[in-house]
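Structure data follow from input.txt (compact mmCIF, C-alpha atoms):
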```txt
# COMPACT_ATOMS: atom_id res chain seq x y z
CA GLU A 626 0.00 0.00 0.00
CA ILE A 627 2.77 2.45 0.89
CA VAL A 628 4.69 1.69 -2.31
CA ALA A 629 1.53 2.06 -4.42
CA GLY A 630 0.78 5.36 -2.70
CA ALA A 631 4.31 6.64 -3.26
CA LEU A 632 4.20 5.77 -6.96
CA GLN A 633 0.83 7.51 -7.22
CA ASP A 634 1.98 10.62 -5.33
CA HIS A 635 4.97 11.08 -7.64
CA ASP A 636 3.02 10.19 -10.82
CA ARG A 637 5.43 7.37 -11.52
CA ALA A 638 2.77 4.75 -12.19
CA VAL A 639 -0.93 4.29 -12.89
CA ILE A 640 -2.55 2.16 -10.18
CA VAL A 641 -5.13 -0.28 -11.55
CA GLY A 642 -7.34 -2.63 -9.53
CA GLU A 643 -9.39 -2.41 -6.35
CA PRO A 644 -8.91 -0.16 -3.28
CA THR A 645 -6.41 -1.54 -0.83
CA TYR A 646 -7.38 -2.61 2.68
CA GLY A 647 -6.17 0.51 4.49
CA LYS A 648 -3.87 -0.92 7.16
CA GLY A 649 -1.96 2.23 7.98
CA SER A 650 -0.94 1.79 11.60
CA ALA A 651 1.14 -0.40 13.86
CA GLN A 652 0.16 -1.54 17.33
CA THR A 653 2.15 -2.55 20.38
CA VAL A 654 0.61 -5.01 22.84
CA ILE A 655 1.37 -4.43 26.50
CA PRO A 656 0.82 -7.65 28.52
CA LEU A 657 -1.39 -7.23 31.59
CA GLY A 658 -0.88 -10.67 33.05
CA ALA A 659 -3.99 -12.77 33.59
CA ALA A 660 -6.14 -9.75 32.68
CA GLY A 661 -5.02 -9.95 29.04
CA GLY A 662 -3.25 -7.13 27.27
CA LEU A 663 -3.54 -3.55 26.13
CA LYS A 664 -3.11 -2.79 22.43
CA ILE A 665 -1.91 0.73 21.70
CA THR A 666 -1.39 2.31 18.31
CA THR A 667 2.23 3.42 18.34
CA SER A 668 2.84 4.50 14.76
CA ARG A 669 1.04 5.44 11.57
CA TRP A 670 2.12 5.20 7.97
CA TYR A 671 1.84 8.00 5.43
CA THR A 672 2.59 8.38 1.74
CA PRO A 673 5.12 11.02 0.60
CA SER A 674 2.38 13.61 0.08
CA GLY A 675 1.27 13.17 3.69
CA ARG A 676 -1.75 10.94 3.05
CA SER A 677 -2.75 8.53 5.77
CA ILE A 678 -3.70 5.15 4.34
CA SER A 679 -5.64 4.05 7.44
CA ARG A 680 -9.23 3.20 6.60
CA ARG A 681 -11.82 4.96 8.74
CA LEU A 682 -13.97 2.41 10.53
CA ALA A 683 -17.20 2.60 12.48
CA ARG A 684 -16.71 3.78 16.03
CA ASP A 685 -16.99 1.33 18.90
CA ASP A 686 -20.24 2.98 20.03
CA GLY A 687 -21.89 1.80 16.83
CA ASP A 688 -21.97 5.22 15.17
CA ALA A 689 -20.86 4.33 11.66
CA GLN A 690 -19.24 7.17 9.77
CA SER A 691 -21.70 7.33 6.91
CA ASN A 692 -20.02 10.42 5.50
CA ALA A 693 -16.50 9.00 5.66
CA ASP A 694 -15.89 9.59 1.95
CA GLU A 695 -16.95 13.22 2.29
CA SER A 696 -14.53 13.75 5.17
CA LYS A 697 -11.52 12.47 3.26
CA LYS A 698 -8.82 15.05 2.79
CA LYS A 699 -7.73 15.99 -0.70
CA PHE A 700 -4.08 15.86 -1.69
CA LYS A 701 -2.36 16.52 -4.98
CA THR A 702 0.28 14.47 -6.76
CA ASP A 703 3.40 16.06 -8.23
CA ALA A 704 1.49 16.55 -11.50
CA GLY A 705 -1.53 18.08 -9.77
CA ARG A 706 -3.86 15.07 -9.79
CA VAL A 707 -6.28 14.91 -6.85
CA VAL A 708 -5.93 11.91 -4.53
CA TYR A 709 -7.50 11.19 -1.16
CA ASP A 710 -6.46 9.84 2.21
CA GLY A 711 -8.14 7.66 4.79
CA GLY A 712 -9.34 4.64 2.82
CA GLY A 713 -6.35 2.66 1.70
CA ILE A 714 -5.04 3.48 -1.76
CA THR A 715 -7.76 4.15 -4.31
CA PRO A 716 -6.61 3.07 -7.79
CA ASP A 717 -6.41 5.58 -10.61
CA VAL A 718 -8.50 3.12 -12.62
CA MET A 719 -10.91 0.83 -10.81
CA GLU A 720 -10.99 -2.71 -12.17
CA SER A 721 -12.24 -5.96 -10.66
CA ASP A 722 -14.01 -9.15 -11.61
CA SER A 723 -16.97 -8.84 -9.25
CA GLY A 724 -18.75 -11.75 -10.91
CA TYR A 725 -15.87 -14.09 -10.23
CA THR A 726 -15.57 -12.90 -6.63
CA ALA A 727 -19.27 -13.40 -5.89
CA THR A 728 -19.31 -16.87 -7.46
CA ALA A 729 -16.12 -17.89 -5.68
CA ARG A 730 -17.67 -16.94 -2.35
CA ILE A 731 -20.75 -19.03 -3.07
CA LEU A 732 -18.58 -22.03 -3.98
CA GLN A 733 -16.41 -21.59 -0.89
CA GLY A 734 -19.49 -21.33 1.31
CA ALA A 735 -20.93 -24.54 -0.15
CA LEU A 736 -17.64 -26.38 0.35
CA ASN A 737 -17.35 -25.08 3.91
CA ARG A 738 -14.70 -27.17 5.67
CA SER A 739 -14.08 -29.24 2.54
CA VAL A 740 -12.09 -26.53 0.76
CA GLY A 741 -8.87 -28.45 1.43
CA ALA A 742 -10.33 -31.67 0.04
CA PHE A 743 -11.53 -29.74 -3.01
CA ARG A 744 -8.01 -28.43 -3.62
CA ASP A 745 -6.66 -31.98 -3.24
CA ALA A 746 -9.16 -33.23 -5.83
CA LEU A 747 -8.05 -30.51 -8.24
CA THR A 748 -4.40 -31.44 -7.80
CA GLU A 749 -5.05 -35.17 -8.04
CA TYR A 750 -6.95 -34.75 -11.30
CA ALA A 751 -4.33 -32.41 -12.79
CA ILE A 752 -1.55 -34.89 -12.01
CA SER A 753 -3.56 -37.74 -13.54
CA LEU A 754 -3.87 -35.74 -16.77
CA LYS A 755 -0.12 -35.16 -16.75
CA VAL A 756 0.54 -38.88 -16.32
CA GLY A 757 -2.00 -39.78 -19.00
CA LYS A 758 -0.54 -37.18 -21.40
CA THR A 759 -4.03 -36.30 -22.57
CA ILE A 760 -3.43 -32.54 -22.54
CA THR A 761 -1.09 -31.56 -25.37
CA SER A 762 -1.49 -27.78 -25.66
CA PRO A 763 -1.25 -25.00 -23.04
CA ASP A 764 -4.30 -23.47 -24.74
CA PHE A 765 -6.54 -26.38 -23.72
CA VAL A 766 -10.19 -25.77 -22.87
CA VAL A 767 -11.72 -27.14 -19.67
CA SER A 768 -14.64 -29.21 -20.93
CA GLN A 769 -17.85 -30.39 -19.28
CA ASP A 770 -16.43 -33.92 -19.21
CA MET A 771 -13.51 -32.62 -17.15
CA LEU A 772 -15.89 -30.89 -14.75
CA ASP A 773 -17.85 -34.15 -14.40
CA GLU A 774 -14.66 -36.08 -13.68
CA LEU A 775 -13.62 -33.57 -11.03
CA TRP A 776 -17.07 -33.92 -9.43
CA LYS A 777 -16.58 -37.69 -9.21
CA ARG A 778 -13.21 -37.23 -7.52
CA MET A 779 -14.74 -34.72 -5.09
CA THR A 780 -17.50 -37.09 -4.05
CA ALA A 781 -14.97 -39.91 -3.72
CA ARG A 782 -13.18 -37.73 -1.17
CA GLY A 783 -16.37 -37.35 0.83
CA ILE A 784 -17.22 -33.83 -0.27
CA THR A 785 -20.96 -33.24 0.05
CA MET A 786 -22.53 -30.23 -1.63
CA ASP A 787 -25.45 -29.53 -3.90
CA ARG A 788 -24.57 -30.41 -7.50
CA SER A 789 -26.59 -27.43 -8.71
CA ILE A 790 -24.25 -25.07 -6.82
CA TYR A 791 -21.26 -26.83 -8.38
CA ASP A 792 -22.77 -26.38 -11.84
CA GLU A 793 -23.65 -22.74 -11.19
CA SER A 794 -20.05 -22.17 -10.06
CA SER A 795 -18.60 -23.81 -13.17
CA SER A 796 -16.99 -20.56 -14.38
CA VAL A 797 -14.85 -20.45 -11.24
CA VAL A 798 -14.19 -24.19 -11.18
CA LYS A 799 -13.03 -24.05 -14.81
CA LEU A 800 -10.53 -21.33 -13.98
CA LEU A 801 -9.18 -23.13 -10.91
CA LEU A 802 -8.92 -26.45 -12.72
CA GLY A 803 -7.28 -24.76 -15.70
CA PHE A 804 -4.67 -23.17 -13.44
CA ASP A 805 -3.81 -26.48 -11.76
CA ILE A 806 -3.61 -28.41 -15.02
CA SER A 807 -1.37 -25.74 -16.54
CA ARG A 808 0.96 -25.88 -13.55
CA TYR A 809 1.31 -29.64 -13.33
CA VAL A 810 1.29 -30.44 -17.05
CA PHE A 811 3.23 -27.50 -18.52
CA GLY A 812 4.92 -25.83 -15.55
CA PRO A 813 4.61 -22.59 -13.54
CA ASP A 814 5.24 -20.30 -16.53
CA ALA A 815 2.24 -21.76 -18.35
CA GLU A 816 0.11 -21.34 -15.23
CA PHE A 817 1.23 -17.71 -14.92
CA ARG A 818 0.34 -16.97 -18.55
CA ARG A 819 -3.09 -18.53 -18.07
CA ARG A 820 -3.71 -16.50 -14.92
CA VAL A 821 -2.64 -13.28 -16.66
CA ALA A 822 -4.95 -14.01 -19.60
CA ASN A 823 -7.89 -14.20 -17.17
CA ASP A 824 -6.99 -11.21 -14.98
CA HIS A 825 -9.19 -8.17 -15.65
CA ALA A 826 -6.86 -5.72 -13.91
CA ILE A 827 -3.82 -6.87 -15.90
CA ALA A 828 -5.81 -6.73 -19.15
CA THR A 829 -6.83 -3.14 -18.37
CA ALA A 830 -3.27 -2.19 -17.42
CA LEU A 831 -1.95 -3.61 -20.68
CA SER A 832 -4.57 -1.77 -22.72
CA LEU A 833 -3.63 1.49 -21.01
CA ALA A 834 0.10 0.99 -21.41
CA THR A 835 0.10 -0.25 -25.01
CA GLY A 836 1.11 2.62 -27.28
CA ALA A 837 1.66 5.12 -24.46
CA THR A 838 5.12 6.54 -25.18
CA THR A 839 5.37 8.87 -22.18
CA GLN A 840 4.31 8.86 -18.56
CA ARG A 841 2.12 11.88 -19.24
CA ALA A 842 0.30 10.02 -22.01
CA LEU A 843 -0.29 7.09 -19.67
CA LEU A 844 -1.67 9.35 -16.94
CA ASP A 845 -3.96 11.07 -19.45
CA ARG A 846 -5.29 7.71 -20.60
CA ALA A 847 -5.95 6.71 -17.01
CA SER A 848 -7.77 9.99 -16.38
CA THR A 849 -9.95 9.45 -19.46
CA ARG A 850 -10.74 5.87 -18.42
CA GLN A 851 -11.61 7.08 -14.90
CA GLN A 852 -14.00 9.70 -16.28
CA GLN A 853 -15.66 7.10 -18.50
CA GLN A 854 -16.15 4.81 -15.50
CA GLN A 855 -17.69 7.62 -13.46
CA GLN A 856 -20.04 8.54 -16.32
CA ALA A 857 -21.07 4.89 -16.70
CA LEU A 858 -21.85 4.67 -12.99
CA GLY A 859 -23.90 7.85 -13.21
CA LYS A 860 -26.08 6.34 -15.93
CA GLU A 861 -26.85 3.19 -13.91
```
Write the structure described by the file as structure tokens, please.
Amino acid sequence: EIVAGALQDHDRAVIVGEPTYGKGSAQTVIPLGAAGGLKITTSRWYTPSGRSISRRLARDDGDAQSNADESKKKFKTDAGRVVYDGGGITPDVMESDSGYTATARILQGALNRSVGAFRDALTEYAISLKVGKTITSPDFVVSQDMLDELWKRMTARGITMDRSIYDESSSVVKLLLGFDISRYVFGPDAEFRRRVANDHAIATALSLATGATTQRALLDRASTRQQQQQQALGKE
């Protein structure tokens, strides 16, 4: 977060992705014997422009700061771009795969304590495909037959979940299975390339950077993309 903020403050990079968590402080715990301990904030982290990256949270008395965004202080980068404090680092261009995240959470919830067994089934199947030499190209497509085979291996490991949830989560399962097969059959470089090809933030970063010959041109592109995103949100 601090590095991203420093690059942003000095206009040395365009930050693409989702807002960071906002962990901008360090605590020291003072032991109090059997009574427990006392945690005291002993330091805070700031970016070069003086921005605090600590996210403002609801107060202990339950009074949530509904106007937290409005109370954020404005700062300016070296090039005069407006940035804010108090909520982690906000990217210059917001980009995320919300559909994947939501589906992944549903799948994880259905698996519950069987997440480890699910990962084992993925690995086991990927290794079996390597041994069988049935996958010959890194550009392979995860088929329905492969999803059905993974389901069989999951149930053999005692994983119990509704098949309909598994089917509805097929987009996520295909990605996870594709990553594992790439790693075990073709190696970590192939897995990395497959992950990059399916990463929305990286795709956006590449589209912004391609053809931009100067840092100023890159920043201008990011500003235009940001305005387009804000306009799109306003229409919804």
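The nearest approach to A:Val797 among the residues A:Pro763, A:Ile752, A:Thr726, A:Phe811, with all atoms listed in the file taken into account, belongs to A:Thr726.
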When you count only C-alpha atoms, which of these residues is closest to A:Arg730: A:Thr839, A:Gln856, A:Thr849, A:Ser794? A:Ser794
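Going from atom CA of A:Ala746 over to atom CA of A:Met779, you cover 5.8 Å.
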Which is closer to A:Ala830 than all the others in A:Asp703, A:Asp717, A:Asp805, A:Asp814, using all atoms listed in the file?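 Once distances to A:Ala830 are computed over all atoms listed in the file, the minimum belongs to A:Asp717.
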What's the separation between atom CA of A:Tyr709 and atom CA of A:Val628, in Å to one decimal place?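 According to the coordinates, atom CA of A:Tyr709 and atom CA of A:Val628 are separated by 15.5 Å.
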Which residue out of A:Lys755, A:Lys799, A:Arg744, A:Arg841 has the minimum interatomic distance to A:Arg778 when only C-alpha atoms are used? A:Arg744
For A:Ala834, find every residue with an atom within 12 Å (counting all atoms listed in the file), except residues of its own chain fewer than 2 positions away, and show them as a PyMOL selection string. chain A and resi 638-641+827-832+836-847
Quick check, in Å to one decimal: how far apart do atom CA of A:Ile627 and atom CA of A:Tyr725 lie?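 These atoms are spaced 27.3 Å apart.
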Centre and edge lengths, as JSON, for the axis-aligned box enclosing every listed atom of stretch 746-754 of chain A with 6 Å of padding on each of the six sides, in Å to one decimal?
```
{"center_x": -5.4, "center_y": -34.1, "center_z": -11.3, "size_x": 19.6, "size_y": 19.2, "size_z": 22.9}
```
Given only C-alpha atoms as the counted atoms, nearest of A:Gln633, A:Gln853, A:Thr645, A:Ser848 to A:Ile678: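 Going through A:Gln633, A:Gln853, A:Thr645, A:Ser848 one by one, the smallest distance to A:Ile678 is for A:Thr645.
Of the residues listed (A:Phe700, A:Tyr791, A:Phe765, A:Tyr750), A:Tyr791 shows the shortest atom-to-atom separation from A:Leu736; distances use all atoms listed in the file.
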Dump as a tab-separated table the rows for residues of stretch 707-738 of chain A within 12 Å of stretch 646-650 of chain A: closest atom pair and distance in Å with one decimal, only C-alpha atoms counted, ordered by chain and rising residue number.
```
residue	atom	partner	partner_atom	distance
A:Asp710	CA	A:Gly647	CA	9.6
A:Gly711	CA	A:Gly647	CA	7.4
A:Gly712	CA	A:Gly647	CA	5.5
A:Gly713	CA	A:Gly647	CA	3.5
A:Ile714	CA	A:Gly647	CA	7.0
A:Thr715	CA	A:Gly647	CA	9.7
A:Pro716	CA	A:Tyr646	CA	11.9
```
Do a neighbour search on A:Ser807 at 10 Å with all atoms listed in the file, toss out local chain neighbours closer than 5 positions, and write the hits as an MDAnalysis selection string. chainID A and resid 751 755 760 762:765 801:802 812:820
